[in-house]
Amino acid sequence: MTQSARFRAPFIQAAQVDKSTTHNEALAVLDIAASAAVDGFLVDMPPVTPSIGDCYILGASPTGAWSGHAFALAGYTAGGWRFIAAIDGLSAFDKTSGQSAVFTEGAWELGHVRAAKVSIGGNQIVGPQQASVSNPSGGATVDAEARAAITAILTRMRQHGLIAS
C-alpha cells in the first residue's frame, strides 16, 4: 500500500475493493496531525482508559501500546492508537501548559517562539538583536541615579537578548 510522504496516510489504490477503510484511515491520521492539540507532552506511558480523541506527544522511551514510537504524536481513535512520526516542523498545542510545541532537529521544543520580528497592531515591537551599547561613563556632570537607571535598562535589554552584551 502506498502512503503519503510525511504522515504515512494511506492512498486509495486503483481497483481497490474497500475504499472506505483506506479513506477512513487517512482521515484518522489527518484528524490527529492537522492542528494537533495534545493532552500531554513527552509522555512515555499510555493512559489506562483513553478516550477517543485523546492525543499525546510521546517521550523518548514509550512503553506498552506506544512502544517503538518515540517522539511521535499518538492519537486514540475508535480503532485504537494511531501514530504520526515526528518530522521537522510538526507542531502541536499542549493543552496543559497552553504553549506550542514544535519538533525540530530531532527533538520537541515546548514554548519556544521563533520569528524574525514580533508585531502588534502592525507595529514592530521586537526585531533582530541590535549591537551592543556601552554603560554610561565619564562626562562633565555625573548623575549617579541616572547612570544607575540607564545601566539597569541596558542590563535588562542584554538579558532579554535585545542588544548584544
# chains A, B, ... in the order shown; residues from 1 in each chain; ligands from 1
$ residues_around --residues "Ile163 (chain A)" --least-positions-apart "4" --cutoff "9 Å" --atoms "only C-alpha atoms" --output "PyMOL selection string"
chain A and resi 128-133+154+157-159
$ residues_around --residues "Thr96 (chain A)" --least-positions-apart "6" --cutoff "10 Å" --atoms "only C-alpha atoms" --output "list in words"
Ala37, Val38, Asp39, Gly40 and Phe41 of chain A
$ write_last_selection --atoms "C-alpha atoms" --output "PDB file, in the first residue's frame"
ATOM      1  CA  ALA A  37      -3.842  19.688  20.374  1.00  0.00           C
ATOM      2  CA  VAL A  38      -2.281  17.297  22.893  1.00  0.00           C
ATOM      3  CA  ASP A  39      -3.236  16.232  26.411  1.00  0.00           C
ATOM      4  CA  GLY A  40       0.359  15.513  27.453  1.00  0.00           C
ATOM      5  CA  PHE A  41       3.904  16.390  26.424  1.00  0.00           C
TER       6      PHE A  41
END
$ residues_around --residues "region 50-66 of chain A" --least-positions-apart "2" --cutoff "6 Å" --atoms "only C-alpha atoms" --output "count of residues only"
18
$ residues_around --residues "Ser91 (chain A)" --least-positions-apart "3" --cutoff "12 Å" --atoms "only C-alpha atoms" --output "VMD selection string"
chain A and resid 32 to 38 41 56 to 57 71 to 73 84 to 88 94 99 to 104 107 to 113
$ select_by_dssp --residues "chain A" --states "alpha helix (DSSP H)" --output "PyMOL selection string"
chain A and resi 19-33+144-159
$ closest_residue --among "A:Ile150, A:Thr141, A:Thr49, A:Leu162" --to "Ile125 (chain A)" --atoms "only C-alpha atoms"
A:Leu162
$ atom_distance --atom1 "CA of Phe93 (chain A)" --atom2 "CA of Val29 (chain A)"
16.8 Å
$ atom_distance --atom1 "CA of Thr151 (chain A)" --atom2 "CA of Ser137 (chain A)"
10.1 Å
$ atom_distance --atom1 "CA of Ser134 (chain A)" --atom2 "CA of Lys117 (chain A)"
24.1 Å
